[in-house]
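First the structure, in the form of structure tokens, and then the observations on it.
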Amino acid sequence: MSLLTSLARLRALDERIAQPIATVRHCHLSERPMVLIPLRMSGEAAAPLAAMLGTRREDPRLLVVTQPRNRDLRFAWAADLAAELLPYIDGFLAGTETVERKNADPYERVLDAPQLLVPNQTGIAFIRLLGRSTRFRRADGPYPVPETVPLLGRWLTYFGERAAYPGSSLMAAATEELGRHWASGQSGLEDANLAALMAWITTGPSDDAEDPLVWPPAGPATDPGFDAEVLAPAIEAGAAERITEALRGQLEPTWRLMWQAVDLLRGLPEGASVAQRWEQDRGSFSAMAAHIAEGAPPQARRDGAVAAASRLARMERAQAAYEVQRAYDDPLVMAEYRLTGEAFAGEVVETEPEHSEGEGRSRKLRPLVVVKTDDPVRLAPGTALGTPQRRGQGAQLVEARDGLVTVKITKGMGRGKTPAPGSVPEVGERVCYTSLTDDFQGSPALPEAEATPWTHGGPPREYTPSDEDALEEWS
Amino acid sequence: MNRLDALRGTTPPKPHDARAIAALAANPGCARRALLDGAGIDKDATARHLGFPAPFGQSPFAITRGNAFEALVKADGCAELLRMLRELLELPVAEVAYHDVENVGAHLRHAHTRALFDRAARDEHDSGTIYDHPLLGLEIAGHIAYLEPDVVAFQLGGRFHIVEIKSFAVVDGQADPAAVAGAARQAAVYVLALRRMLRELGHDPLRVAHDVVLVCPENFANRPVATLVDVRRQLAVLERQLSRMTGLDRLVEGLPEELTFDLLPGEDGLPTRPAAELADALRRTTARYAPDCLSTCDLCFFCRDEARQEGACDLLGRQVRDELGGVASVEEALGLADGTRAPAEGQEEIARLLRNAERLRRECLA
């Protein structure tokens with residue numbers, strides 16, 4: 001968290017209403033998101049209790065395990081969930097586009113991809129565990145489950161893993177996304193409560209948000225009081241109808257909040273780089289679908305050394321790119337860098353568009369721009385700069401003194417003797433320059449999995465699903 | 001009557017457990033908590049009476065599951081536990097005995113544990129033994145807290161191991177990091193208590209291993225799996241915090257003579273003390289609220305309410321507080337940001353940053 005966000009939190013606390021910390025939306029928001037609120041049986045790692053889900057706010061589907069300790073009912077619930085989610089996922093596979101690639105075969109990418117919205121980070125963790133507990137099951141053998149169950153497990157695992165990928169929107173937690181756009185007047189810890197965070201953003205803080213009788217928890221954990229006073233007696237009595245209605249009552253308030261959160265996020269204009277990140281999501285989703293269609297085995301329990309290192313490297317690159325893109329898309333995010341002296345903004349007071357360096361054949365056009373700024377610039381002469389106003393352009397800091405910064409444009413002004421029209425800012429234009437650049441970083445050279453060195457455990461054994469996996473207890 | 005007992009008054013004392021001590025070490029600067037815990041005051045009952053009941057309860061399902069799992073691990077004289085310990089600690093098969101300390105009366109358990117462990121530490125024969133329900137004592141700010149580790153295993157080579165049984169799952173070798181960290185902090189309290197006891201008995205305290213045995217269900221089944229967890233870091237933190245913890249005597253000295261947090265329980269055990277009066281009494285002590293208290297301290301809602309009334313930056317979390325370095329109240333911070341307040345000595349840098357941040361926010365949101 002930056003000082004800018006801290007200040008927004010202070011302001012929120014003082015004015016008793018959340019303050020914006022973004023001017024555009026930094027996540028993709030599907031036209032038809034699948035809102036999914038899972039509930040877990042208390043005390044169990046991944047025993048499902050219920051889920052409310054659907055793509056239309058007026059039509060939630062409620063799936064309940066009416067006897068949570070019964071293994072068969074649990075798998076039947078997983079099959080019901082699969083019956084809702086798999087057709088939704090499949091619905092996106094029909095429309096594709098062909099993507100040409102350099103040095104590789106073209107591939108098919110879906111035109112649109114599914115998006116799962118869950119209330120919070122713990123919901124995402126639970127979805128991942130649900131995926132883990134179902135993806136190794138088998139439709140044949142001694143403990144057969146419906147064949148959709150392991151398939152659902154693989155998709156849930158995929159969505160769970162993708163959620164950890166910076167900038168991905170395939171599965172998002174409402175509290176996380178809201179928290180990226182608004183600063184409440186409470187701590188980050190308390191922001192994990194969807195009802196509390198929504199109250200801060202919409203009407204102002206309310207203690208009701210912490211009262212489980214008014215706002216039941218958004219899951220996956222249920223309220224201990226509800227467990228003791230309502231759920232336990234109903235389970236004891238074997239009253240399926242009572243259990244279902246009780247859980248509906250616990251889930252409906254969160255269902256309404258989730259759609260309200262969707263409305264709030266939809267109200268923000270989409271950031272310029274969101275489509276680009278969603279394109280990567282679409283590519284990743286298409287690859288996963290192709291993987292499944294080819295009959296590849298379920299995801300291994302753990303990554304091998306090489307796979308883990310390359311996953312980490314991918315995530316680091318995505319994180320770096322995401323941070324840069326957010327700053328370029330959103331002046332309020334860029335302001336954080338201006339505050340620390342890594343960026344500056346101001347008005348152009350002087351230009352020398354035809355300034356050049358070198359003589360004869362090596363003569364190069366290097367337009368100069370002088371910017372008047374109030375920002376504390378902490379960049380050394382020679383620092384490479386980029387600018388959100390002209391994204392393809394490269395520049396270099398020449399000198400910064402007394403609130404006047406001279407910048408030399410080095411790239412993106414055309415090849416002629418004079419700069420291309422519009423490539424050099426005019427006097428009076430407001431511009432921003434930053435040392436933050438989204439330079440392409442190559443992936444680290446990693447050995448093939450078969451060549452994993454002994455220091456990292458040697459080549460990993462290839463994962464083959466075993467009967468033991470399929471039989472794993474789920475109690 | 002000593003002053004701490006007077007603070008508690010006629011309300012029966014509530015003993016510390018390891019979780020409370022671990023939490024105490026997490027916020028050692030909180031004088032309110034130190035006093036209440038030191039006096040053995042039931043914070044949960046106090047919070048409820050004040051109208052700020054603690055936000056954490058445990059689901060009956062979680063309790064049942066936890067108990068069932070512990071029973072499974074300890075069934076048949078800890079047979080299942082032994083199987084795992086043999087693998088993990090190379091405990092000799094033949095020599096293992098099982099000793100349930102609970103078989104003696106509760107009031108004798110601490111003395112009995114002491115005697116048993118003294119004998120085990122002296123024993124030349126190094127007989128492997130599992131002690132169920134031992135009771136350890138640990139001095140916290142001048143007062144003894146009694147602690148019950150799940151199991152203590154004593155094995156060949158003269159090492160004691162604390163065994164902690166938890167019902168959170170380890171899935172594919174990974175568990176919830178927060179749950180593991182909590183278990184490690186709690187186990188460190190037992191290790192420390194046992195080490196101090198051995199030292200008092202004249203034995204080498206290092207005979208208590210810093211590796212504790214964490215027993216959890218594996219994957220999605222009820223089958224237990226044991227893992228060694230190194231708690232040296234938690235031990236170091238705990239020892240440092242306990243030694244640094246402001247001596248209770250000094251805290252008590254600063255309090256008015258007649259101050260008490262007595263709930264004045266009536267014949268039915270329900271508090272009869274006017275809640276407003278109790279709240280006033282508590283406000284005479286200084287709390288150090290942080291949002292982390294919300295998951296560890298029964299009084300958290302009361303202290304949060306107090307912080308709200310004071311407009312303290314603490315409400316927003318340690319990160320914000322640290323970033324504002326030295327600016328304690330919301331009003332002060334906003335005053336510096338708006339430029340309506342002149343920075344005090346030492347606040348010039350943060351004031352400049354805040355003013356700059358305010359300028360940038362206004363510009364971007366205009």
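Labels for the structure tokens follow display order: chains A, B, ..., residues from 1 in each chain, ligands from 1.
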
Taking only C-alpha atoms into account and nothing else, which residues of chain B lie no more than 7 Å away from chain A? Please answer as a JSON list (two decimals) with N, CA and C atoms, in the first residue's frame.
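Resulting contents of selection17.json:
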```json
[["chain", "number", "residue", "atom", "x", "y", "z"],
["B", 57, "GLY", "N", -16.39, -17.40, 17.36],
["B", 57, "GLY", "CA", -16.93, -18.56, 18.04],
["B", 57, "GLY", "C", -16.45, -19.74, 17.26],
["B", 58, "GLN", "N", -16.61, -20.93, 17.81],
["B", 58, "GLN", "CA", -16.23, -22.10, 17.04],
["B", 58, "GLN", "C", -17.46, -22.89, 16.70],
["B", 59, "SER", "N", -17.53, -23.32, 15.48],
["B", 59, "SER", "CA", -18.67, -24.10, 15.05],
["B", 59, "SER", "C", -18.67, -25.45, 15.75],
["B", 60, "PRO", "N", -19.87, -25.95, 16.13],
["B", 60, "PRO", "CA", -19.91, -27.28, 16.75],
["B", 60, "PRO", "C", -19.34, -28.35, 15.83],
["B", 61, "PHE", "N", -19.48, -28.14, 14.51],
["B", 61, "PHE", "CA", -18.94, -29.13, 13.57],
["B", 61, "PHE", "C", -17.42, -29.17, 13.66],
["B", 62, "ALA", "N", -16.81, -27.97, 13.78],
["B", 62, "ALA", "CA", -15.35, -27.91, 13.87],
["B", 62, "ALA", "C", -14.88, -28.54, 15.17],
["B", 65, "ARG", "N", -15.25, -32.31, 14.93],
["B", 65, "ARG", "CA", -14.23, -32.85, 14.04],
["B", 65, "ARG", "C", -12.86, -32.84, 14.73],
["B", 168, "PHE", "N", -6.61, -29.08, 11.06],
["B", 168, "PHE", "CA", -6.58, -28.52, 9.69],
["B", 168, "PHE", "C", -5.81, -29.47, 8.79],
["B", 169, "ALA", "N", -6.23, -29.52, 7.53],
["B", 169, "ALA", "CA", -5.68, -30.54, 6.64],
["B", 169, "ALA", "C", -4.36, -30.14, 6.01],
["B", 172, "ASP", "N", -1.48, -32.44, -0.07],
["B", 172, "ASP", "CA", -0.27, -32.59, -0.91],
["B", 172, "ASP", "C", 0.93, -31.90, -0.27],
["B", 220, "PHE", "N", -7.85, -35.21, 2.23],
["B", 220, "PHE", "CA", -9.25, -34.96, 2.60],
["B", 220, "PHE", "C", -9.79, -36.04, 3.50],
["B", 221, "ALA", "N", -8.90, -36.92, 3.96],
["B", 221, "ALA", "CA", -9.35, -38.01, 4.80],
["B", 221, "ALA", "C", -9.06, -37.69, 6.26],
["B", 222, "ASN", "N", -9.37, -38.65, 7.12],
["B", 222, "ASN", "CA", -9.11, -38.44, 8.54],
["B", 222, "ASN", "C", -7.78, -39.04, 8.97],
["B", 291, "PRO", "N", -5.66, -3.90, 14.00],
["B", 291, "PRO", "CA", -6.67, -4.78, 13.41],
["B", 291, "PRO", "C", -6.39, -6.27, 13.63],
["B", 315, "LEU", "N", -6.57, 2.29, 13.54],
["B", 315, "LEU", "CA", -7.72, 1.60, 12.96],
["B", 315, "LEU", "C", -7.44, 1.04, 11.59],
["B", 316, "LEU", "N", -6.57, 1.72, 10.85],
["B", 316, "LEU", "CA", -6.35, 1.37, 9.46],
["B", 316, "LEU", "C", -5.26, 0.31, 9.30],
["B", 317, "GLY", "N", -4.67, -0.10, 10.40],
["B", 317, "GLY", "CA", -3.68, -1.17, 10.31],
["B", 317, "GLY", "C", -2.27, -0.66, 10.50],
["B", 320, "VAL", "N", -0.44, 1.28, 7.54],
["B", 320, "VAL", "CA", -0.77, 2.69, 7.41],
["B", 320, "VAL", "C", -0.12, 3.48, 8.54],
["B", 323, "GLU", "N", 3.46, 3.92, 7.88],
["B", 323, "GLU", "CA", 3.70, 4.82, 6.77],
["B", 323, "GLU", "C", 3.55, 6.27, 7.24],
["B", 330, "VAL", "N", -6.13, 10.66, 12.89],
["B", 330, "VAL", "CA", -6.63, 10.91, 11.55],
["B", 330, "VAL", "C", -6.70, 12.42, 11.30],
["B", 356, "ASN", "N", 1.98, 16.58, -0.64],
["B", 356, "ASN", "CA", 2.20, 16.19, -2.02],
["B", 356, "ASN", "C", 1.16, 15.16, -2.48],
["B", 357, "ALA", "N", 0.91, 14.19, -1.61],
["B", 357, "ALA", "CA", -0.08, 13.15, -1.94],
["B", 357, "ALA", "C", -1.46, 13.79, -2.11],
["B", 360, "LEU", "N", -1.65, 15.55, -5.45],
["B", 360, "LEU", "CA", -1.78, 14.61, -6.56],
["B", 360, "LEU", "C", -3.18, 14.03, -6.64],
["B", 361, "ARG", "N", -3.75, 13.69, -5.47],
["B", 361, "ARG", "CA", -5.11, 13.13, -5.47],
["B", 361, "ARG", "C", -6.10, 14.15, -6.04],
["B", 364, "CYS", "N", -5.71, 14.44, -9.82],
["B", 364, "CYS", "CA", -6.18, 13.29, -10.59],
["B", 364, "CYS", "C", -7.69, 13.10, -10.52]]
```

Mind listing the alpha helix (DSSP H) residues of stretch 164-306 of chain A, per DSSP on the backbone, as a PyMOL selection string? chain A and resi 174-181+188-191+194-202+224-226+232-236+240-266+274-293+305-306

Selection export as a short mmCIF file (atom, residue, chain, number, x, y, z; two decimals), in the first residue's frame, atoms kept: C-alpha atoms:
```cif
data_model
loop_
_atom_site.label_atom_id
_atom_site.label_comp_id
_atom_site.auth_asym_id
_atom_site.auth_seq_id
_atom_site.Cartn_x
_atom_site.Cartn_y
_atom_site.Cartn_z
CA ALA A 174 -15.15 -9.32 -5.39
CA THR A 175 -13.42 -7.93 -2.28
CA GLU A 176 -10.06 -7.89 -4.07
CA GLU A 177 -11.36 -6.11 -7.13
CA LEU A 178 -13.37 -3.59 -5.13
CA GLY A 179 -10.36 -2.98 -2.89
CA ARG A 180 -8.23 -2.21 -5.92
CA HIS A 181 -10.59 0.60 -6.90
CA GLY A 188 -7.25 -4.32 4.81
CA LEU A 189 -8.10 -7.19 7.14
CA GLU A 190 -11.65 -5.91 7.58
CA ASP A 191 -11.97 -5.29 3.84
CA LEU A 194 -17.71 -8.19 1.53
CA ALA A 195 -20.70 -6.69 3.34
CA ALA A 196 -18.49 -4.29 5.29
CA LEU A 197 -16.53 -3.19 2.23
CA MET A 198 -19.72 -2.72 0.18
CA ALA A 199 -21.22 -0.62 2.96
CA TRP A 200 -18.17 1.65 2.95
CA ILE A 201 -18.44 2.10 -0.81
CA THR A 202 -22.18 2.63 -1.04
CA PRO A 224 -20.58 -20.58 14.02
CA GLY A 225 -23.81 -19.38 15.63
CA PHE A 226 -25.80 -20.45 12.56
CA ALA A 232 -26.76 -28.72 13.46
CA PRO A 233 -30.34 -29.31 14.70
CA ALA A 234 -31.63 -29.49 11.13
CA ILE A 235 -28.95 -32.02 10.14
CA GLU A 236 -29.69 -33.96 13.33
CA ALA A 240 -33.44 -31.73 4.04
CA GLU A 241 -35.97 -29.03 3.24
CA ARG A 242 -35.13 -27.10 6.41
CA ILE A 243 -31.40 -27.30 5.67
CA THR A 244 -31.91 -26.07 2.12
CA GLU A 245 -34.04 -23.11 3.17
CA ALA A 246 -31.67 -22.18 5.99
CA LEU A 247 -28.71 -22.16 3.61
CA ARG A 248 -30.69 -20.16 1.07
CA GLY A 249 -31.20 -17.57 3.78
CA GLN A 250 -27.45 -17.51 4.47
CA LEU A 251 -26.54 -17.14 0.81
CA GLU A 252 -29.12 -14.75 -0.60
CA PRO A 253 -27.79 -11.55 1.03
CA THR A 254 -24.32 -12.27 -0.38
CA TRP A 255 -25.86 -13.04 -3.77
CA ARG A 256 -27.39 -9.57 -3.86
CA LEU A 257 -24.10 -7.99 -2.73
CA MET A 258 -22.18 -9.78 -5.47
CA TRP A 259 -24.39 -8.34 -8.20
CA GLN A 260 -24.22 -4.94 -6.59
CA ALA A 261 -20.43 -5.26 -6.71
CA VAL A 262 -20.67 -6.15 -10.40
CA ASP A 263 -22.74 -2.98 -10.97
CA LEU A 264 -20.20 -0.86 -9.13
CA LEU A 265 -17.30 -2.19 -11.16
CA ARG A 266 -19.28 -1.89 -14.38
CA VAL A 274 -7.62 -4.50 -19.85
CA ALA A 275 -8.48 -5.90 -23.29
CA GLN A 276 -4.87 -6.92 -23.80
CA ARG A 277 -4.78 -8.85 -20.53
CA TRP A 278 -8.14 -10.45 -21.28
CA GLU A 279 -6.71 -11.56 -24.61
CA GLN A 280 -4.04 -13.44 -22.66
CA ASP A 281 -6.75 -14.94 -20.49
CA ARG A 282 -8.60 -16.06 -23.62
CA GLY A 283 -5.41 -17.61 -24.94
CA SER A 284 -4.73 -19.39 -21.68
CA PHE A 285 -8.30 -20.67 -21.47
CA SER A 286 -8.14 -21.94 -25.05
CA ALA A 287 -4.90 -23.77 -24.31
CA MET A 288 -6.48 -25.45 -21.29
CA ALA A 289 -9.53 -26.49 -23.31
CA ALA A 290 -7.25 -27.92 -26.02
CA HIS A 291 -5.24 -29.72 -23.35
CA ILE A 292 -8.36 -31.42 -22.00
CA ALA A 293 -9.64 -32.22 -25.48
CA ALA A 305 11.23 -28.08 -10.21
CA VAL A 306 11.36 -26.81 -13.80
#
```

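Taking atom CA of B:Leu85 and atom CA of B:Ser167 as endpoints, the distance between them is 17.7 Å.
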
Ranking A:Gly360, A:Pro421, A:Pro447, A:Pro38 by minimum distance to A:Ile127 and counting only C-alpha atoms, which one comes first?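 The answer is A:Pro38, which sits nearest to A:Ile127.
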
Taking only residues of stretch 246-277 of chain B that have an atom at most 7 Å from an atom of stretch 5-19 of chain B, what is each one's shortest atom pair and its distance in Å to one decimal, using only C-alpha atoms, in chain and number order, as JSON lines?
```
{"residue": "B:Leu259", "atom": "CA", "partner": "B:Leu7", "partner_atom": "CA", "distance": 6.6}
{"residue": "B:Thr260", "atom": "CA", "partner": "B:Leu7", "partner_atom": "CA", "distance": 4.2}
{"residue": "B:Phe261", "atom": "CA", "partner": "B:Leu7", "partner_atom": "CA", "distance": 5.2}
{"residue": "B:Asp262", "atom": "CA", "partner": "B:Gly9", "partner_atom": "CA", "distance": 4.7}
{"residue": "B:Leu263", "atom": "CA", "partner": "B:Thr11", "partner_atom": "CA", "distance": 6.2}
{"residue": "B:Leu264", "atom": "CA", "partner": "B:Thr10", "partner_atom": "CA", "distance": 6.1}
{"residue": "B:Pro265", "atom": "CA", "partner": "B:Thr11", "partner_atom": "CA", "distance": 6.3}
```

Hey, can you spit out that residue selection with C-alpha atoms as a compact mmCIF listing (two decimals), in the first residue's frame?
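And here's out24.txt as it stands now:
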```
# COMPACT_ATOMS: atom_id res chain seq x y z
CA LEU B 259 -9.70 0.47 40.36
CA THR B 260 -11.25 -2.92 39.68
CA PHE B 261 -12.55 -4.83 36.68
CA ASP B 262 -14.78 -6.99 38.87
CA LEU B 263 -17.91 -8.15 37.08
CA LEU B 264 -19.58 -8.61 40.49
CA PRO B 265 -21.22 -11.89 39.56
```

Residue list (strand (DSSP E), DSSP) for stretch 124-252 of chain B, as a ChimeraX atom specification: /B:129-132,136-140,143-147,151-155,159-165,211-217,224-230

Selection export as a short mmCIF file (atom, residue, chain, number, x, y, z; two decimals), in the first residue's frame, atoms kept: N, CA and C atoms:
```
data_model
loop_
_atom_site.label_atom_id
_atom_site.label_comp_id
_atom_site.auth_asym_id
_atom_site.auth_seq_id
_atom_site.Cartn_x
_atom_site.Cartn_y
_atom_site.Cartn_z
N THR B 129 8.77 -42.87 26.21
CA THR B 129 7.47 -42.77 26.84
C THR B 129 6.65 -41.69 26.15
N ILE B 130 5.36 -41.91 26.14
CA ILE B 130 4.46 -40.87 25.65
C ILE B 130 3.63 -40.39 26.83
N TYR B 131 3.67 -39.10 27.07
CA TYR B 131 2.90 -38.54 28.18
C TYR B 131 1.68 -37.82 27.64
N ASP B 132 0.53 -38.33 28.04
CA ASP B 132 -0.72 -37.72 27.60
C ASP B 132 -1.21 -36.78 28.70
N LEU B 136 1.87 -28.15 32.30
CA LEU B 136 3.10 -27.38 32.50
C LEU B 136 2.76 -26.01 33.06
N GLY B 137 3.74 -25.42 33.73
CA GLY B 137 3.53 -24.07 34.24
C GLY B 137 4.50 -23.12 33.55
N LEU B 138 4.06 -21.90 33.29
CA LEU B 138 4.96 -20.90 32.71
C LEU B 138 4.68 -19.57 33.39
N GLU B 139 5.77 -18.95 33.86
CA GLU B 139 5.57 -17.68 34.55
C GLU B 139 5.41 -16.58 33.51
N ILE B 140 4.27 -15.90 33.57
CA ILE B 140 4.01 -14.78 32.67
C ILE B 140 3.91 -13.54 33.53
N HIS B 143 3.32 -14.19 37.10
CA HIS B 143 2.24 -15.11 37.49
C HIS B 143 2.32 -16.40 36.70
N ILE B 144 1.99 -17.50 37.39
CA ILE B 144 2.10 -18.79 36.72
C ILE B 144 0.85 -19.07 35.88
N ALA B 145 1.08 -19.38 34.61
CA ALA B 145 -0.03 -19.83 33.77
C ALA B 145 0.16 -21.33 33.57
N TYR B 146 -0.94 -22.08 33.65
CA TYR B 146 -0.85 -23.53 33.46
C TYR B 146 -1.25 -23.91 32.05
N LEU B 147 -0.44 -24.76 31.44
CA LEU B 147 -0.62 -25.06 30.03
C LEU B 147 -0.73 -26.57 29.80
N VAL B 151 0.41 -33.68 23.78
CA VAL B 151 1.18 -34.85 24.16
C VAL B 151 2.65 -34.45 24.22
N VAL B 152 3.41 -35.06 25.13
CA VAL B 152 4.85 -34.90 25.09
C VAL B 152 5.46 -36.28 24.89
N ALA B 153 6.34 -36.39 23.92
CA ALA B 153 6.99 -37.67 23.67
C ALA B 153 8.43 -37.60 24.16
N PHE B 154 8.87 -38.63 24.84
CA PHE B 154 10.23 -38.68 25.31
C PHE B 154 10.87 -39.90 24.70
N GLN B 155 12.01 -39.71 24.08
CA GLN B 155 12.55 -40.82 23.30
C GLN B 155 14.02 -41.05 23.53
N ARG B 159 15.70 -36.85 24.37
CA ARG B 159 15.03 -35.63 23.91
C ARG B 159 13.53 -35.71 24.15
N PHE B 160 13.00 -34.57 24.59
CA PHE B 160 11.55 -34.45 24.71
C PHE B 160 11.02 -33.76 23.44
N HIS B 161 9.89 -34.23 22.96
CA HIS B 161 9.26 -33.58 21.81
C HIS B 161 7.84 -33.18 22.16
N ILE B 162 7.51 -31.95 21.85
CA ILE B 162 6.12 -31.52 22.01
C ILE B 162 5.34 -32.01 20.80
N VAL B 163 4.18 -32.61 21.05
CA VAL B 163 3.33 -33.05 19.95
C VAL B 163 2.07 -32.20 19.96
N GLU B 164 1.76 -31.61 18.81
CA GLU B 164 0.60 -30.74 18.71
C GLU B 164 -0.36 -31.36 17.69
N ILE B 165 -1.58 -31.63 18.14
CA ILE B 165 -2.56 -32.25 17.24
C ILE B 165 -3.55 -31.19 16.76
N ASP B 211 12.28 -28.90 17.49
CA ASP B 211 11.40 -29.41 16.44
C ASP B 211 10.15 -29.97 17.11
N VAL B 212 9.02 -29.40 16.82
CA VAL B 212 7.80 -29.95 17.40
C VAL B 212 7.13 -30.84 16.36
N VAL B 213 6.35 -31.80 16.87
CA VAL B 213 5.67 -32.72 15.97
C VAL B 213 4.25 -32.22 15.75
N LEU B 214 3.97 -31.85 14.51
CA LEU B 214 2.63 -31.37 14.19
C LEU B 214 1.86 -32.51 13.52
N VAL B 215 0.75 -32.89 14.14
CA VAL B 215 -0.06 -33.99 13.59
C VAL B 215 -1.35 -33.42 13.02
N CYS B 216 -1.57 -33.65 11.74
CA CYS B 216 -2.75 -33.11 11.05
C CYS B 216 -3.37 -34.19 10.17
N PRO B 217 -4.64 -34.01 9.79
CA PRO B 217 -5.21 -34.94 8.81
C PRO B 217 -4.56 -34.72 7.46
N PRO B 224 -4.13 -39.40 9.96
CA PRO B 224 -3.19 -38.38 10.42
C PRO B 224 -1.82 -38.49 9.74
N VAL B 225 -1.15 -37.37 9.66
CA VAL B 225 0.21 -37.36 9.16
C VAL B 225 1.01 -36.45 10.09
N ALA B 226 2.24 -36.87 10.41
CA ALA B 226 3.06 -36.08 11.34
C ALA B 226 4.17 -35.38 10.58
N THR B 227 4.44 -34.15 10.98
CA THR B 227 5.50 -33.36 10.36
C THR B 227 6.30 -32.69 11.46
N LEU B 228 7.61 -32.58 11.26
CA LEU B 228 8.41 -31.83 12.22
C LEU B 228 8.41 -30.36 11.83
N VAL B 229 8.15 -29.51 12.79
CA VAL B 229 8.16 -28.07 12.53
C VAL B 229 9.20 -27.42 13.45
N ASP B 230 10.12 -26.72 12.84
CA ASP B 230 11.16 -26.04 13.61
C ASP B 230 10.59 -24.75 14.18
#
```

Can you tell me, as a list in words, what residues are no more than 9 Å from A:Ala400 when counting only C-alpha atoms, ignoring any on the same chain fewer than 3 positions away?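 Returned residues: Val377, Arg378, Leu379, Ala380, Pro381, Leu397, Gly403, Leu404, Val405, Thr406 and Val407 of chain A.
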
Can I get the selection written as a PDB file, in the first residue's frame, with C-alpha atoms?
```
ATOM      1  CA  VAL A 377      11.705  14.354  -9.705  1.00  0.00           C
ATOM      2  CA  ARG A 378      14.203  11.787  -8.540  1.00  0.00           C
ATOM      3  CA  LEU A 379      15.559  10.535 -11.828  1.00  0.00           C
ATOM      4  CA  ALA A 380      19.137  10.747 -12.992  1.00  0.00           C
ATOM      5  CA  PRO A 381      20.081  12.250 -16.379  1.00  0.00           C
ATOM      6  CA  LEU A 397      15.858  12.502 -19.259  1.00  0.00           C
ATOM      7  CA  GLY A 403      10.796  22.252 -11.504  1.00  0.00           C
ATOM      8  CA  LEU A 404      11.835  22.243 -15.171  1.00  0.00           C
ATOM      9  CA  VAL A 405      12.607  18.898 -16.772  1.00  0.00           C
ATOM     10  CA  THR A 406      14.176  18.555 -20.194  1.00  0.00           C
ATOM     11  CA  VAL A 407      13.323  15.369 -22.037  1.00  0.00           C
TER      12      VAL A 407
END
```

Using only C-alpha atoms, determine which residues lie at most 10 Å from stretch 153-167 of chain A, disregarding the query and same-chain residues fewer than 5 positions distant; provide the list as a count of residues only. 57

Mind giving me the straight-line distance from atom CA of A:Arg71 to atom CA of B:Arg223 in Å, one decimal? 16.0 Å

Extract, using only C-alpha atoms, all DNA, RNA and protein residues at most 12 Å from A:Arg461, discarding same-chain residues fewer than 3 positions from it, and format them as a list of chain:residue names. A:Ala300, A:Arg301, A:Arg302, A:Asp303, A:Gly304, A:Ala305, A:Ala449, A:Glu450, A:Ala451, A:Thr452, A:Gly457, A:Gly458, A:Thr464, A:Pro465

What gap, in Å, lies between atom CA of A:Pro269 and atom CA of A:Gly422?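 Atom-to-atom, atom CA of A:Pro269 and atom CA of A:Gly422 are spaced 25.7 Å apart.
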
Write out as a PyMOL selection string which residues come within 8 Å of B:Ala31 when counting only C-alpha atoms, dropping same-chain ones fewer than 6 positions away. chain B and resi 246+251+285-288

Please, could you write that set of residues out with N, CA and C atoms as a compact mmCIF listing (two decimals), in the first residue's frame?
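The result, stored in result_38.txt:
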```
# COMPACT_ATOMS: atom_id res chain seq x y z
N THR B 246 6.20 -5.38 29.74
CA THR B 246 6.29 -4.47 30.87
C THR B 246 5.88 -5.21 32.13
N LEU B 251 2.92 -1.71 35.93
CA LEU B 251 1.64 -1.30 35.35
C LEU B 251 0.61 -1.06 36.45
N THR B 285 -6.91 2.09 31.62
CA THR B 285 -5.70 1.41 31.16
C THR B 285 -5.51 1.68 29.68
N THR B 286 -4.26 1.66 29.24
CA THR B 286 -4.00 1.99 27.84
C THR B 286 -3.98 0.73 26.99
N ALA B 287 -4.75 0.77 25.92
CA ALA B 287 -4.74 -0.35 24.98
C ALA B 287 -3.90 0.02 23.78
N ARG B 288 -3.44 -0.99 23.06
CA ARG B 288 -2.76 -0.69 21.81
C ARG B 288 -3.45 -1.47 20.72
```

So that I can see what lies close to A:Leu53, please list as a list in words the residues with an atom at most 8 Å from it, counting only C-alpha atoms and leaving out residues fewer than 4 positions away in the same chain.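 After dropping sequence-adjacent residues, the list is Met34, Val35, Leu36, Ile37, Pro60, Arg61 and Leu62 of chain A.
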